[in-house]
Number of protein chains: 2
Amino acid sequence: MYNYDVEAFLKEGQEVYGLRGTIEKAVDEVCANGVSKVVLTGVGGTIFELMSIKCIFDKYSTYDCILKNGAELLVEQPDWIDDHTVVITGSKSGDTPETVQACKYCKERGAKVIALVGTEDCPLAEYTDYPIVSPIPGMTHTYFKFNLIALRMIYNHGEFDQYEKYADQCKDLYSAVVAIQEKFEPKAEEIAQKYSKVPYQMWIGSGIVWGEINMFTMCILEEMQWMRTRAATSADFFHGVLELVEKDVPVYLVKGVDVYRPLDERAERFLVQYADDLTVIDLQDYVLPGFDEEFAEILSPLAFNALTRGRLAYLFERETGHDLNIRRYYRQFKY
Amino acid sequence: MYNYDVEAFLKEGQEVYGLRGTIEKAVDEVCANGVSKVVLTGVGGTIFELMSIKCIFDKYSTYDCILKNGAELLVEQPDWIDDHTVVITGSKSGDTPETVQACKYCKERGAKVIALVGTEDCPLAEYTDYPIVSPIPGMTHTYFKFNLIALRMIYNHGEFDQYEKYADQCKDLYSAVVAIQEKFEPKAEEIAQKYSKVPYQMWIGSGIVWGEINMFTMCILEEMQWMRTRAATSADFFHGVLELVEKDVPVYLVKGVDVYRPLDERAERFLVQYADDLTVIDLQDYVLPGFDEEFAEILSPLAFNALTRGRLAYLFERETGHDLNIRRYYRQFKY
């Protein structure tokens, strides 16, 4: 696979899996303190990753779980954050201003903060009770860690008995990731060659992967490739967005593996008839091997991320010649 | 004002205001039955209107209020809907399939349904306990009715003492609407003449008007004008979308009148420096006259709707020559 050191990735994966004990200890301590509410916060890519974690909490637990953009939390100044509130967040750089300030606010109100950070001495760590420290970047790693935090919390709440089995199966997560990436590679090559220079494109999907569709379209295609992109849920698609389906507009439909799949299938029935340039990414074809079937939904955002951020982004980069690290504005100066 | 029968609008307004008694009676009955949860549901424009109603419930009440797309509710089949659940919805046509089926589902589980409908015998009315019937279309009317339902419920919950004052002041709502539309008209003319034929545009905003920004961009610009449009919250804007700000991309910034305004101001500081074609619509300049200041936030989505759907849409239509009623696909055939 192009521009991909698989050996290094697998080695990193083992190292990240090694955080399991640290994560479980942190979560167990936080749960022992009693939990009134779970707040998932962050900005940019993090809040999109946490959208799938919100789906996990809502489906598997009775926790009162609130997803809240860090910048919005700061202006809302919620008074219901107390010393039994658990805040889950992360920042790749460790210094994302909105996230750092949001955690400061929550911590001052007594909340317990669990944060994924890169180093122990980053600004975010200062307002974190339980820093999960790992210098290894990569969003599949982020999903692994967030999933484990959420599911361990739910397990401690008596609501996800399968936890140990799930966490044990994660031991081979990274080779499973490489397996689906290898399967996807020819399709990714085809997409990149056909559609890397279009003026406008659409991404449609729903359910637990919707956050990750936002992630890929906003944080990768828009931010890192400056591609004009319209992301819409399979439900919203039928109420406005569909009118923009026309010749030379590539449409990507992501079919999920959760209860929302019928909404994706409805969009597919429409699109196969009316979209000239339709690409269907059916996550049923990219279920991570080595896991029980019941975990496919939980892992589907991670799988989609592995295919898109992990592979398609690099192939787009190669075709467009637009370095993924170049920004016009973001973090280029103070604003 | 172009293509606008103000007299007819004011007359309709009086008629719609006449629904106040019907709405209050329906809400009082529903509240007397006891309320465990409030579910705001619908699809398309309705779910975007209800986003602002969710903000009202969250700010002014302690009700457990859930916003749920009708199509998604149907696949989720929530088991927590019971005979003390109140469903608030609406459908202009009265036959929107997802909304009709969602209400059927809720009603079968015992929920009480309040729905804005056009006629008493539409399919949606069949699954509605309290139909609020009015044949007069228009989204400012819809906001008037939804606001009244929500605020009366909150008043009955002992949490919005100002209800009578608010509802009384609504008597002159429609002349207030016309006043801000007149003030906006020269700006709308300028926008329409400059930007009606651009290939791509951006709309940024936050808080209680965010739903209405989605409404205007998805249901009007995309659906009715086939304009490629990117809507983003002022918070998200800084994490990807900003990279698409470049020459010849019109950017509209909507400054709200709620606690999220600092987020809009942050976007403004960036945009005045880096966007060549920036249009700021500051809702502080279009506060509806005749209302106490404390109601400005509640009414700001209605005000923004009056300016955009009520005026700008018609001026775009005139400039593009693209009839607002023409659709490629939506409701043109079965899909």
# chains A, B, ... in the order shown; residues from 1 in each chain; ligands from 1
call {"tool": "closest_atom_pairs", "arguments": {"of": "chain B", "to": "chain A", "cutoff": "9 Å", "atoms": "only C-alpha atoms", "output": "tab-separated table"}}
result
residue	atom	partner	partner_atom	distance
B:Val43	CA	A:Asp236	CA	7.2
B:Gly44	CA	A:His239	CA	4.9
B:Gly45	CA	A:His239	CA	7.7
B:Asn69	CA	A:Ala235	CA	7.7
B:Gly70	CA	A:Ala235	CA	8.5
B:Ala71	CA	A:Ala235	CA	6.1
B:Glu72	CA	A:Tyr260	CA	7.0
B:Val75	CA	A:Val259	CA	6.0
B:Glu76	CA	A:Val259	CA	6.6
B:Tyr200	CA	A:Arg228	CA	8.4
B:Ser206	CA	A:Glu72	CA	9.0
B:Gly207	CA	A:Glu72	CA	8.5
B:Thr217	CA	A:Gly240	CA	8.8
B:Met218	CA	A:Gly240	CA	5.2
B:Cys219	CA	A:Gly240	CA	5.1
B:Ile220	CA	A:Gly240	CA	7.7
B:Leu221	CA	A:Gly240	CA	8.5
B:Glu222	CA	A:Gly240	CA	5.7
B:Glu223	CA	A:Gly240	CA	4.1
B:Met224	CA	A:Gly240	CA	7.8
B:Gln225	CA	A:Glu243	CA	8.9
B:Trp226	CA	A:Leu244	CA	5.8
B:Met227	CA	A:Leu244	CA	7.6
B:Arg228	CA	A:Leu244	CA	7.3
B:Thr229	CA	A:Arg230	CA	7.9
B:Arg230	CA	A:Arg230	CA	6.9
B:Ala235	CA	A:Ala71	CA	6.1
B:Asp236	CA	A:Gly44	CA	6.2
B:Phe237	CA	A:Gly44	CA	8.8
B:Phe238	CA	A:Tyr330	CA	7.2
B:His239	CA	A:Gly44	CA	4.9
B:Gly240	CA	A:Glu223	CA	4.1
B:Val241	CA	A:Glu222	CA	6.1
B:Leu242	CA	A:Tyr329	CA	7.2
B:Glu243	CA	A:Glu223	CA	5.5
B:Leu244	CA	A:Trp226	CA	5.8
B:Val259	CA	A:Val75	CA	6.0
B:Tyr260	CA	A:Val75	CA	6.0
B:Arg261	CA	A:Val75	CA	8.6
B:Pro262	CA	A:Val75	CA	7.6
B:Leu263	CA	A:Ala71	CA	7.6
B:Arg266	CA	A:Tyr335	CA	7.8
B:Ala267	CA	A:Tyr335	CA	8.8
B:Arg269	CA	A:Tyr335	CA	7.2
B:Phe270	CA	A:Tyr335	CA	5.9
B:Arg327	CA	A:Glu243	CA	6.9
B:Arg328	CA	A:Glu243	CA	6.0
B:Tyr329	CA	A:Glu243	CA	6.3
B:Tyr330	CA	A:Glu243	CA	7.2
B:Tyr335	CA	A:Phe270	CA	6.0
call {"tool": "residues_around", "arguments": {"residues": "range 10-15 of chain B", "least_positions_apart": "4", "cutoff": "8 Å", "atoms": "only C-alpha atoms", "output": "VMD selection string"}}
result
chain B and resid 6 19 136 141 171 173 to 175
call {"tool": "atom_distance", "arguments": {"atom1": "CA of Asp5 in chain B", "atom2": "CA of Ile326 in chain B"}}
result
21.8 Å
call {"tool": "residues_around", "arguments": {"residues": "Gly310 in chain B", "least_positions_apart": "5", "cutoff": "12 Å", "atoms": "only C-alpha atoms", "output": "list in words"}}
result
Met1, Tyr2, Asn3, Tyr4, Asp5, Val6, Phe9, Pro137, Gly138, Met139, Thr140, His141, Val177, Val178, Ile180, Gln181, Glu182, Phe184, Glu185, Ala188, Phe216, Ile220, Leu302, Ala303, Phe304, Asn305, Leu315, Phe316 and Glu317 of chain B
call {"tool": "residues_around", "arguments": {"residues": "Glu108 in chain A", "least_positions_apart": "6", "cutoff": "10 Å", "atoms": "only C-alpha atoms", "output": "list of chain:residue names"}}
result
A:Ile81, A:Asp82, A:Asp83, A:Ala102, A:Tyr127
call {"tool": "write_last_selection", "arguments": {"atoms": "N, CA, C and O atoms", "output": "short mmCIF file (atom, residue, chain, number, x, y, z; two decimals), in the first residue's frame"}}
result
data_model
loop_
_atom_site.label_atom_id
_atom_site.label_comp_id
_atom_site.auth_asym_id
_atom_site.auth_seq_id
_atom_site.Cartn_x
_atom_site.Cartn_y
_atom_site.Cartn_z
N ILE A 81 -22.82 20.91 35.88
CA ILE A 81 -21.60 20.11 35.99
C ILE A 81 -21.17 20.09 37.46
O ILE A 81 -21.00 21.14 38.08
N ASP A 82 -21.06 18.87 38.01
CA ASP A 82 -20.75 18.77 39.44
C ASP A 82 -19.62 17.78 39.67
O ASP A 82 -18.99 17.30 38.73
N ASP A 83 -19.38 17.46 40.93
CA ASP A 83 -18.22 16.61 41.23
C ASP A 83 -18.45 15.12 40.94
O ASP A 83 -17.56 14.31 41.20
N ALA A 102 -12.40 24.51 28.26
CA ALA A 102 -13.61 23.78 28.66
C ALA A 102 -13.30 22.85 29.83
O ALA A 102 -14.07 22.75 30.79
N TYR A 127 -5.41 20.24 33.35
CA TYR A 127 -6.80 20.22 33.82
C TYR A 127 -7.41 18.83 33.70
O TYR A 127 -8.61 18.67 33.55
#
call {"tool": "select_by_dssp", "arguments": {"residues": "range 77-235 of chain B", "states": "strand (DSSP E)", "output": "number ranges by chain"}}
result
B: 85-90, 112-117, 130-133, 201-205, 229-233
